[in-house]
Each structure stands twice: as structure tokens, then as C-alpha cells.
Amino acid sequence: MTSSRSIVEFPVPRVARPFVLSALFVAGICAMAASLLVGQEARQIDDGKIANVVSAFERIPAEGKLFSFERGAIDLPRGGHLQGIQMRFDAAGNRHLAFLSHDSATVAYLAIVEFPADLAREGRIVHVHTFKGDGRSPPLKHAGGIQLLGDLLVVGLEDNQQKTRSEIQFWNVGNPEKPVKLEHLTIRRAGAPEDKTAGAVGIAKREKDYLVAVANWDSRAIDFYTSNGKPLDEENCRFELRVRWRDDLAEKADWRPDELFGEYQAINLVTDAEANVSLVGTHTARERDFTDLFAIDVGREPTRIVRKLASKQMGLDGGNHFRYAGGVWMQNDGLAILSSQRNVDPQTRINVAR
């Protein structure tokens with residue numbers, strides 16, 4: 001940013017000085033405004049905050065707009081289907097990026113798609129990233145619902161055969177063509193079949209720490225993990241299990257508009273201006289697609305941690321369903337709901353309701 005002092009000292013001929021000073025002053029103001037806007041958007045994205053989550057949820061349209069991207073000549077692993085979807089604006093590259101997780105018969109992977117800044121033309125896959133599991137068999141080849149928080153991508157990998165193991169992995173995708181794993185943050189889970197899987201994950205930044213939510217098989221239970229207050233990029237930062245919430249034991253007398261907790265393909269966490277945490281889940285039931293809003297308070301007794309606030313049926317076109325990829329995109333103090341078709345085809349369509 002150009003300061004007023006540097007403007008005064010800029011060497012220009014005396015006659016030209018008024019014009020140049022004026023031009024430089026305007027340029028400086030524009031740069032300052034742009035910097036503030038970028039900073040504001042970065043704050044929203046990095047913190048994952050929405051001023052009023054309930055109001056933002058109510059403003060989500062029931063129908064969205066289809067965007068397509070080309071697969072190109074990229075070879076993808078066989079089997080499975082799309083599982084999670086996130087989007088963000090990449091200011092450095094002046095483009096939008098979509099991140100889509102996918103399972104397969106052999107590995108879990110992430111397809112990263114580039115769209116133009118104005119979203120006026122179709123996108124293209126710019127990178128395919130294969131997630132490494134724990135090296136055991138059966139492999140952790142199922143990547144479920146994901147969430148972005150700034151440059152941080154959180155993904156759950158699970159063994160979808162024996163269904164006894166999973167890992168929550170954290171990746172820096174600031175350079176989307178070269179994701180970097182934050183190995184020290186990995187959460188490893190093991191237990192009885194279907195109990196410690198990780199079909200969907202969410203993350204929220206709180207005042208002093210981070211909160212991670214992990215849904216097991218068919219979202220029958222959600223485990224909440226909290227960090228130890230260290231910055232995420234510090235080697236001694238760790239996540240520990242805080243509490244478990246179970247759907248079958250939940251107190252639901254104050255749930256609205258119903259007592260249904262779906263088989264969520266994606267669960268994304270959002271915080272508001274008062275630091276309250278909400279969960280937005282997407283699921284498909286009886287060929288209908290729903291997005292649901294819940295209040296989250298891990299300080300309450302386990303049966304009351306989750307409270308349903310609202311539900312909305314979505315009209316998804318282009319073969320999109322939440323049983324495939326679903327997710328939330330936070331932008332401009334609002335919420336957008338994302339979905340996809342089943343697989344990455346030569347031309348793949350995603351739906352953005354914003």
C-alpha cells in the first residue's frame with residue numbers, strides 16, 4: 001500500500017505534480033479499499049464465520065444453478081462415487097476452485113477443479129491428489145464428506161470393507177496443485193465395525209481452539225474433537241476426543257421442524273458473530289434431497305449437544321443428489337449449498353444454490 005509520505009517524496013516534474021499526486025492518491029485509496037475487501041473475505045473464509053447463521057440458512061434458495069467442468073485426458077481410479085464438495089475463491093489465481101473427494105476400488109482421491117473468476121465458463125480439472133492411508137489392509141480407500149477452512153482441507157478416510165478403521169487428515173491446499181499434509185494433526189480411529197468410521201467431517205475455528213466433528217457410519221453418532229489451543233501448523237498441536245453425541249440417545253423435544261437426523265453425506269460446521277457453532281448436513285431420503293441446520297454446544301450434556309433448528313428440501317438438477325457429494329460454501333456472509341452428480345464424467349455437473 002502506498003503511504004502519503006511516499007507520495008510526497010515521489011520525484012516528478014513540478015508541472016506534472018498535481019496530476020500525478022492526484023492519480024497516485026486515487027490509486028492508493030483503491031489499493032487500500034481492495035486490501036480491506038480482500039482482508040475481509042480472507043477473515044470470513046479463514047474463520048468460517050457468518051454473522052447470523054439461521055438467517056443465512058433461510059436465504060438459501062431451494063434451487064441452484066448448474067456449473068460443469070471437463071475431465072480432459074486425466075485418468076482416474078475405477079469404482080466408487082463422488083463423496084464431498086467444497087469451493088472457494090482463489091484471489092492469487094483470480095479463479096474459483098472446487099474440491100471433490102472420491103472413493104474407488106483401490107484408493108481415495110481428491111479432484112481439484114478450476115473455474116474462471118466469474119464462473120461464466122466451464123471448468124477443468126487441474127490436479128488429482130491421491131490420499132495415502134495407513135498402509136494396512138483393507139486400505140483406507142473411502143474419502144467421505146470434507147470441509148475447507150481457509151487453506152485447510154479436512155477429510156475422513158475410512159476402511160469401507162471391515163469398517164473398523166479411519167483417519168482424519170488435514171491438508172494445506174494453499175497451492176492446490178501440491179497439497180501438503182499436516183501429519184501431526186492426523187486423528188486415528190479404530191473400533192467395532194461401523195463405530196469409528198469417518199463418513200463425513202467438519203471443522204470450526206473457535207476463540208481459543210478448533211472443533212472437529214466426525215460422523216460415523218450413516219451418521220449414527222458424531223464424535224467431537226478439540227485442539228489443544230496451539231496454532232495448527234505447530235508440531236505440538238493435537239486433537240483430543242471431547243465428547244460423543246448419539247442419535248439414538250438424543251433428547252429431541254425442542255427440535256424443529258422434526259426429530260429426524262439423516263444419514264448425512266456431509267456435515268460442515270459454521271460459527272456466527274457470537275461464536276456459536278452450527279452444523280449444516282446434507283442427505284438424500286426417498287429420492288428427495290434435504291439440507292438441515294443444527295445448533296451445536298459441546299458444553300451441554302451429551303444427549304443435548306445437537307439441536308435441530310431448520311430443514312429445507314432442495315431441488316437439484318443435472319443428476320445431482322446429496323447421496324453423492326454435498327457441502328457448504330461460505331461466501332459474502334452467506335451460505336451456498338453444493339452438490340454433484342455420481343461420478344466424474346467427461347463433462348461433470350455440480351449444483352450451486354446461493
# chains A, B, ... in the order shown; residues from 1 in each chain; ligands from 1

$ select_by_dssp --residues "segment 99-336 of chain A" --states "strand (DSSP E)" --output "ChimeraX atom specification"
/A:99-102,108-116,123-131,142-149,152-158,165-172,180-181,187-190,200-205,210-215,221-227,239-246,266-271,277-285,288-296,306-314,321-331,334-336

$ closest_residue --among "A:Asp333, A:Asp223, A:Asp75, A:Glu263" --to "Leu241 of chain A" --atoms "only C-alpha atoms"
A:Asp223

$ atom_distance --atom1 "atom CA of Ala111 of chain A" --atom2 "atom CA of Gly135 of chain A"
21.8 Å

$ atom_distance --atom1 "atom CA of Arg323 of chain A" --atom2 "atom CA of Gln265 of chain A"
6.1 Å
